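Reviewing the structure listed below.
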Amino acid sequence: MSQPIFYWCTENDDISELAQGIESALAAQSKSLLILACSSEITTKDFDPILTAIKVPVCGGVYPLLVCNDRLFKQGFIVVGYSSVLAVSNISQLSRKVTYIEGLELILESDKNLSSYTNFLMFYDALCPAEEFVDCFYDCFGSTVTVVGGGAGMADFSPLPCVITNDGLKSDIVQLVGLSNQLYAGVAHGWEVLKGPYLITEAVGSLVKSINYRSAKDFYQTIVEDLSGLKFKPDDFYKIAKNYPLGITGLNGEILVRDPVKVQGDSVQFVANVPVNSMVSILKAKNESLISSARAAVIKACEVPDEHAANVIIFDCISRVLYMADDFQLELSEINNSAPDNAIVFGGLSLGEVANNQSGSIRVLNKSTVIGRF
Amino acid sequence: MDDKALSLISLQHEFGMAIGCDSDLTVMLKIFLRVCLTRLDLTSVHVYLEKGANGFLIKATDKGNGHTKIEHFLSIPKRKEISIYHQCDLLSLQEHRQQPVFNEQSNVNLYRLEIPNHGLLIFESRYVIAEDILKALEPILKKLARACYSSIIHGALLQEIEVRKRAERQIQFQASHDGLTNLFNRAYFNGLLVPAFKESIRTGSVGCCIQIGLDRFKTVTDTMGHAVGETILITIAQRLQALARLDINIARLREDEFIILLPDLGLSKSFAQQRIVQVIEKINRIVEQPIFASDSSYKINCSIGYSLFATGSMSVSDVLKYADIAMNEARHQKPLIGVMFTREMLKKIENKAAYINEIKQALIGNEFELYYQPQFDDEYNIIGAEALLRWNNPNRGMESPEQYIKIAEDSDLIVPIGKWVIEKTCRDIATLVANGLPEKFSKISLNVSPKQLIQQDFKSTVISAVQEAGINPGLLGLEITENVLIDRFEYIIKIINQLKQYGIEFSIDDFGTGYSSLAYLKHIPATLIKIDRSFVIDVDKNPENEAIVAMILALGKGFKMKVIAEGVSNKHELAMLIKLGCICFQGYQFGKPMPFSEFVELVASQNNTAQVLS
């Protein structure tokens, strides 16, 4: 069972603090470690010697902000030690591997860790092709698999190694952690349709080139300016756009949120893929609905009584902090209050989230709250 | 346009765009299924396609040609197949068309949609798919059916092209390779040699052809069977293939011969020779390694000859011919570094050819004659003689038998010469009989070569000669060496038995010098062993020869065969032989080989003596 036997956090981002935390976890007979880090000073030079020296399986990531119970850490570390060995699989050089999907399928299918488990935590470099990966992973293992995860990295999307492995900090990698006990997931975002729908008429991956046969940038900015009464300036696109994401409405009414982060020529860059021909709407949310959705997510994750599930891990989109500002603390309090008393609550504010949707498919989400209890 | 209509149109548009994105059926369907899964928010999606009785996918135009069945083709996710649809037929598809089936156990709805004329699509969904969406899919499924048809046709064409290409490649391979060993064949090797040869002439860089002949390979196949022979050839070919690099080409030339081309060995002949010797040493090492075939281990040796080419004074065919000559020379010399072709070898061959011509002429011109060396018992009674071929060359006088017999053997002239010897001996026996034979005189024997023995008409030749001379077959003896038994053992034993039944006796000549396997000896229906002269020489002084002679005498006794000592040249040897128990002799001590006229007189004198004594 993935029982936590050691839980430690610090707001001090000095590397020696982390070393001390790890040492304490190992002294507590931890058989594997989950480490979350948040630091603007992170370098492989400092991290790698510490990580490579750990003789038990290690997993985790570096996130822009950390959550420890109901507190938000702007820097620091969280170390959780487990009484059992976690089955960690690292799929590295993913950008290259997704160019040959059949090869990636073979790698996944031949990985005994992956085929032996049905519940997984997923830490991944937010800049790697995570959607192609989860599609491939779903093709191989199907809807019987439950996954929760979040994209690691820097808030400014700078390409730095951000996934924690026994070989050091790594980039362009997906890390799957097989859990021996049940993983309960809750997913919500709280965003609602404000205006639409519109047709995506040209897109390549996450770069939308045209909407309703018009330049995506002009179309999006014109509509948002009309709705908000604000004016986009060349260098602060996200300042307004973070409040008006797009939503792809599924046939079952489920809204898949897509976060526009910047303009690129006449196109708009999103955090995850937006398929051509999909119907999209402009979304809007109130802080109350976001907080309430987070509560709904944690309630969903905790609705099944299970005394062994003593970990509550949060992957909450970084944009929610930016959107809610000080009110985000309320969201954290809601999550913490709704979690079981015996559980440790921890996580990271992520650059994209991963979870199963209502049909069982695994999706990369934006602006969402993903709660995993195990 | 309202949102719903726009939504349906966009859905149709996206599905339509996903069809036919690739000409490969699997890839095309995979892209389509992926869009279905994402856009319809399905849990899983599956394609089942119609297959004919032969297991191939059915094209719409093939429908109605025999029994068809629907088989699973593709699913997303891969692991999830809906087993209840396995083997279902079109009829049930029609009955349940577009009616969702709710599976309570897994809490999902299953939708079956027909891909017209090709199969069906199955959606697994955790929610109910609206009727208008299913309706909107109908034209899409027709388009999908057309795309399936095109992909199946395309796939079949690709398959056909691949089969044809494979056949072409096979034909090309067969045309250029040896069927047994997969090495290049002779014709292809010649094709490689020509440009290498021309390049060598142009640049002055030395090239080389190395010819390898396996020693006594025929013996192995004759005695152990062709399967063993083939295993040996394949093994050696594989080992030689290990030598092959870009600049080394290897071919199988004939049954047990291989050839290697080493082009562009540089301008220095001595350096080229160093490299050649290195390659030859390597060849010797790899050939000599034991070969395992039919639960036995075989050690094969080879003879290697080579010819160099770097000048325009020879042709491409000369290169091959010279390598062959050098290899044949190597069969006699057996050097570990091979034999390089030299002009002297060519001269030797020319001389040999001229000599063969002379032998032919000698046969036509009656230059051969038979000499007879008498054989005696320990009481000095003449008991017989050995007929020996002599050639009185009109230009050079008496030729050495050692020279012309060997050449006659090599050139197959031994067959007509041997026939002449048999006929002449029989006629001479008839003359002797007419004059009256001494009481102890038993027979005149002559040597038979292995090549004579394996001739189809050998038996009839002997019997005809006996009959035409009108002699008792028992007066003729045939001498064979142990080595005749190496080739075609069973056939030869059969012929010997048949002639023995006719009354002609066989003796084993040069006993102890050849392939002395007691296992074989046991099966030879001979009645006489002739101890080779090499064991008789100095038998009185040489204890080893004494031991060998004693052993052969014991062997003869054991096998109930008479023993005669050849080459008895003095009384000391004779005394020792008698002491050891030998009672029959041939040699200078008793008489040299002599012309028939002298032999007639000798026999007559024995008759007279016998008459005087009596």
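If you're wondering about the labels, chains in the structure tokens are A, B, ... by order shown, residues count from 1 in each chain, ligands from 1 in order shown.
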Please identify all polymer residues within 12 Å of Lys31 (chain A), counting only C-alpha atoms, omitting same-chain residues fewer than 3 positions from it, and present them as a PyMOL selection string. chain A and resi 1-6+22+25-28+34+54-58+80-87
Pull out every residue of chain B that has at least one atom within 7 Å of chain A, counting only C-alpha atoms, and report them as a PyMOL selection string. chain B and resi 3+7+10+13-14+39-43+76-80+125-126
Quick check for you: according to DSSP on this backbone, which residues of region 90-276 of chain A are classed as strand (DSSP E or B)? Reply as a ChimeraX atom specification. /A:90-91,119-125,146-152,163-165,168-170,174-178,184-188,192-204,207-211,214-215,246-249,255-258,260-264,267-270
How about saving the chosen residues, C-alpha atoms kept, as a JSON list (two decimals), in the first residue's frame?
```json
[["chain", "number", "residue", "atom", "x", "y", "z"],
["A", 90, "ASN", "CA", 10.31, 7.35, -16.80],
["A", 91, "ILE", "CA", 9.62, 7.81, -20.51],
["A", 119, "ASN", "CA", -3.66, 3.63, -10.94],
["A", 120, "PHE", "CA", -1.01, 6.19, -11.78],
["A", 121, "LEU", "CA", 0.32, 9.58, -10.79],
["A", 122, "MET", "CA", 1.75, 11.41, -13.77],
["A", 123, "PHE", "CA", 4.49, 14.02, -13.46],
["A", 124, "TYR", "CA", 5.59, 15.47, -16.77],
["A", 125, "ASP", "CA", 7.48, 18.31, -18.35],
["A", 146, "THR", "CA", -7.00, 5.96, -13.67],
["A", 147, "VAL", "CA", -4.47, 8.76, -13.97],
["A", 148, "VAL", "CA", -4.02, 12.11, -12.26],
["A", 149, "GLY", "CA", -1.15, 14.40, -12.96],
["A", 150, "GLY", "CA", 0.14, 17.86, -13.60],
["A", 151, "GLY", "CA", 2.60, 19.57, -15.91],
["A", 152, "ALA", "CA", 5.80, 20.60, -14.16],
["A", 163, "VAL", "CA", 10.83, 16.16, -13.44],
["A", 164, "ILE", "CA", 12.49, 14.53, -10.44],
["A", 165, "THR", "CA", 14.04, 11.12, -11.10],
["A", 168, "GLY", "CA", 18.47, 13.73, -11.59],
["A", 169, "LEU", "CA", 16.19, 16.48, -12.87],
["A", 170, "LYS", "CA", 15.00, 15.75, -16.40],
["A", 174, "VAL", "CA", 6.80, 11.78, -18.63],
["A", 175, "GLN", "CA", 6.95, 9.99, -15.30],
["A", 176, "LEU", "CA", 4.26, 7.48, -14.37],
["A", 177, "VAL", "CA", 4.06, 6.26, -10.80],
["A", 178, "GLY", "CA", 2.14, 3.01, -10.38],
["A", 184, "TYR", "CA", -9.83, 8.20, -6.48],
["A", 185, "ALA", "CA", -9.96, 11.22, -8.77],
["A", 186, "GLY", "CA", -11.98, 14.41, -8.79],
["A", 187, "VAL", "CA", -11.80, 16.89, -11.64],
["A", 188, "ALA", "CA", -13.49, 20.29, -12.07],
["A", 192, "GLU", "CA", -18.94, 28.47, -17.97],
["A", 193, "VAL", "CA", -19.85, 29.39, -21.53],
["A", 194, "LEU", "CA", -20.05, 33.12, -22.05],
["A", 195, "LYS", "CA", -20.29, 33.35, -25.82],
["A", 196, "GLY", "CA", -20.12, 31.04, -28.78],
["A", 197, "PRO", "CA", -19.90, 28.59, -30.31],
["A", 198, "TYR", "CA", -17.27, 29.22, -32.97],
["A", 199, "LEU", "CA", -15.58, 26.90, -35.37],
["A", 200, "ILE", "CA", -11.84, 26.26, -35.29],
["A", 201, "THR", "CA", -11.06, 26.41, -38.98],
["A", 202, "GLU", "CA", -7.28, 26.07, -38.89],
["A", 203, "ALA", "CA", -4.98, 24.79, -36.17],
["A", 204, "VAL", "CA", -1.76, 22.90, -35.73],
["A", 207, "LEU", "CA", -1.49, 26.82, -32.24],
["A", 208, "VAL", "CA", -4.87, 28.04, -33.50],
["A", 209, "LYS", "CA", -4.51, 29.90, -36.79],
["A", 210, "SER", "CA", -8.09, 30.74, -37.66],
["A", 211, "ILE", "CA", -11.52, 30.76, -36.04],
["A", 214, "ARG", "CA", -10.73, 34.59, -39.70],
["A", 215, "SER", "CA", -7.36, 35.22, -38.15],
["A", 246, "LEU", "CA", -11.81, 28.88, -24.77],
["A", 247, "GLY", "CA", -13.91, 25.83, -24.04],
["A", 248, "ILE", "CA", -14.39, 22.86, -26.34],
["A", 249, "THR", "CA", -17.86, 21.61, -25.61],
["A", 255, "ILE", "CA", -16.34, 21.51, -21.36],
["A", 256, "LEU", "CA", -12.66, 21.03, -22.04],
["A", 257, "VAL", "CA", -10.90, 24.31, -21.15],
["A", 258, "ARG", "CA", -8.10, 25.62, -23.33],
["A", 260, "PRO", "CA", -4.68, 31.04, -24.50],
["A", 261, "VAL", "CA", -1.22, 32.11, -23.39],
["A", 262, "LYS", "CA", 0.20, 34.28, -26.17],
["A", 263, "VAL", "CA", -0.20, 35.47, -29.73],
["A", 264, "GLN", "CA", 2.16, 34.38, -32.42],
["A", 267, "SER", "CA", -2.32, 32.90, -34.42],
["A", 268, "VAL", "CA", -3.08, 32.24, -30.78],
["A", 269, "GLN", "CA", -0.98, 29.81, -28.77],
["A", 270, "PHE", "CA", -2.86, 27.62, -26.25]]
```
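In terms of minimum interatomic distance to Val304 (chain A), A:Leu183 ranks closest within A:Ile107, A:Leu183, A:Leu330, A:Leu351, counting only C-alpha atoms.
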Which parts of region 216-300 of chain B does DSSP call alpha helix (DSSP H) when run on the backbone here, written out as a ChimeraX atom specification? /B:217-224,226-241,269-288
Using only C-alpha atoms, determine which residues lie at most 9 Å from Leu137 (chain B), disregarding the query and same-chain residues fewer than 4 positions distant; provide the list as a list in words. Leu11, Gln12, Phe15, Leu113, Asp132, Ile133, Leu141 and Lys142 of chain B
Contact residues around region 98-101 of chain A with only C-alpha atoms at 10 Å, ignoring same-chain residues under 5 positions, as a VMD selection string: chain A and resid 93 106 to 107 128 to 133 135 to 136
Env of Leu346 (chain B): 12 Å cut, atoms = only C-alpha atoms, seq-sep filter 5 positions within chain, self excluded. Answer as a list in words.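 My list of contacting residues is Asp318, Lys321, Tyr322, Ala323, Asp324, Ile325, Ala326, Asn328, Glu329, Phe341, Asn351, Lys352 and Ala353 of chain B.
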When you draw a straight line from CA of Val134 (chain A) to CA of Leu290 (chain A), how long is it in Å?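 Taking CA of Val134 (chain A) as the start and CA of Leu290 (chain A) as the end point, the length is 25.7 Å.
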In Å and to one decimal, CA of Ala244 (chain B) is distant from CA of Ser307 (chain B) by 18.8 Å
Atomic separation - CA of Leu332 (chain A) relative to CA of Lys242 (chain A), Å: 19.8 Å
With only C-alpha atoms as the counted atoms, please give the residues lying no more than 12 Å from Gly470 (chain B), apart from itself and same-chain residues fewer than 5 positions off, as a PDB file with N, CA and C atoms, in the first residue's frame.
```pdb
ATOM      1  N   GLU B 423      42.584 -58.368 -72.888  1.00  0.00           N
ATOM      2  CA  GLU B 423      42.430 -59.210 -74.091  1.00  0.00           C
ATOM      3  C   GLU B 423      43.737 -59.908 -74.458  1.00  0.00           C
ATOM      4  N   CYS B 426      44.602 -62.712 -71.999  1.00  0.00           N
ATOM      5  CA  CYS B 426      43.782 -63.900 -72.249  1.00  0.00           C
ATOM      6  C   CYS B 426      44.320 -64.676 -73.459  1.00  0.00           C
ATOM      7  N   ARG B 427      44.689 -63.904 -74.479  1.00  0.00           N
ATOM      8  CA  ARG B 427      45.224 -64.596 -75.669  1.00  0.00           C
ATOM      9  C   ARG B 427      46.538 -65.298 -75.328  1.00  0.00           C
ATOM     10  N   ASP B 428      47.393 -64.624 -74.524  1.00  0.00           N
ATOM     11  CA  ASP B 428      48.673 -65.232 -74.141  1.00  0.00           C
ATOM     12  C   ASP B 428      48.452 -66.482 -73.281  1.00  0.00           C
ATOM     13  N   ILE B 429      47.444 -66.401 -72.402  1.00  0.00           N
ATOM     14  CA  ILE B 429      47.138 -67.578 -71.574  1.00  0.00           C
ATOM     15  C   ILE B 429      46.750 -68.747 -72.490  1.00  0.00           C
ATOM     16  N   ALA B 430      45.968 -68.406 -73.510  1.00  0.00           N
ATOM     17  CA  ALA B 430      45.536 -69.450 -74.448  1.00  0.00           C
ATOM     18  C   ALA B 430      46.752 -70.109 -75.118  1.00  0.00           C
ATOM     19  N   THR B 431      47.746 -69.276 -75.474  1.00  0.00           N
ATOM     20  CA  THR B 431      48.966 -69.815 -76.086  1.00  0.00           C
ATOM     21  C   THR B 431      49.682 -70.754 -75.121  1.00  0.00           C
ATOM     22  N   VAL B 433      48.418 -72.309 -72.565  1.00  0.00           N
ATOM     23  CA  VAL B 433      47.628 -73.537 -72.360  1.00  0.00           C
ATOM     24  C   VAL B 433      47.873 -74.508 -73.517  1.00  0.00           C
ATOM     25  N   ALA B 434      47.946 -73.928 -74.697  1.00  0.00           N
ATOM     26  CA  ALA B 434      48.156 -74.772 -75.887  1.00  0.00           C
ATOM     27  C   ALA B 434      49.499 -75.494 -75.797  1.00  0.00           C
ATOM     28  N   ILE B 463      34.691 -60.951 -69.466  1.00  0.00           N
ATOM     29  CA  ILE B 463      34.105 -62.243 -69.862  1.00  0.00           C
ATOM     30  C   ILE B 463      34.290 -62.473 -71.369  1.00  0.00           C
ATOM     31  N   SER B 464      34.099 -61.413 -72.149  1.00  0.00           N
ATOM     32  CA  SER B 464      34.281 -61.543 -73.615  1.00  0.00           C
ATOM     33  C   SER B 464      35.706 -61.952 -73.947  1.00  0.00           C
ATOM     34  N   ALA B 465      36.681 -61.320 -73.245  1.00  0.00           N
ATOM     35  CA  ALA B 465      38.089 -61.624 -73.511  1.00  0.00           C
ATOM     36  C   ALA B 465      38.378 -63.092 -73.198  1.00  0.00           C
ATOM     37  N   LEU B 475      42.111 -69.347 -64.947  1.00  0.00           N
ATOM     38  CA  LEU B 475      43.519 -69.056 -65.257  1.00  0.00           C
ATOM     39  C   LEU B 475      43.817 -67.560 -65.259  1.00  0.00           C
ATOM     40  N   LEU B 476      42.774 -66.757 -65.153  1.00  0.00           N
ATOM     41  CA  LEU B 476      42.960 -65.296 -65.150  1.00  0.00           C
ATOM     42  C   LEU B 476      42.723 -64.761 -63.739  1.00  0.00           C
TER      43      LEU B 476
END
```
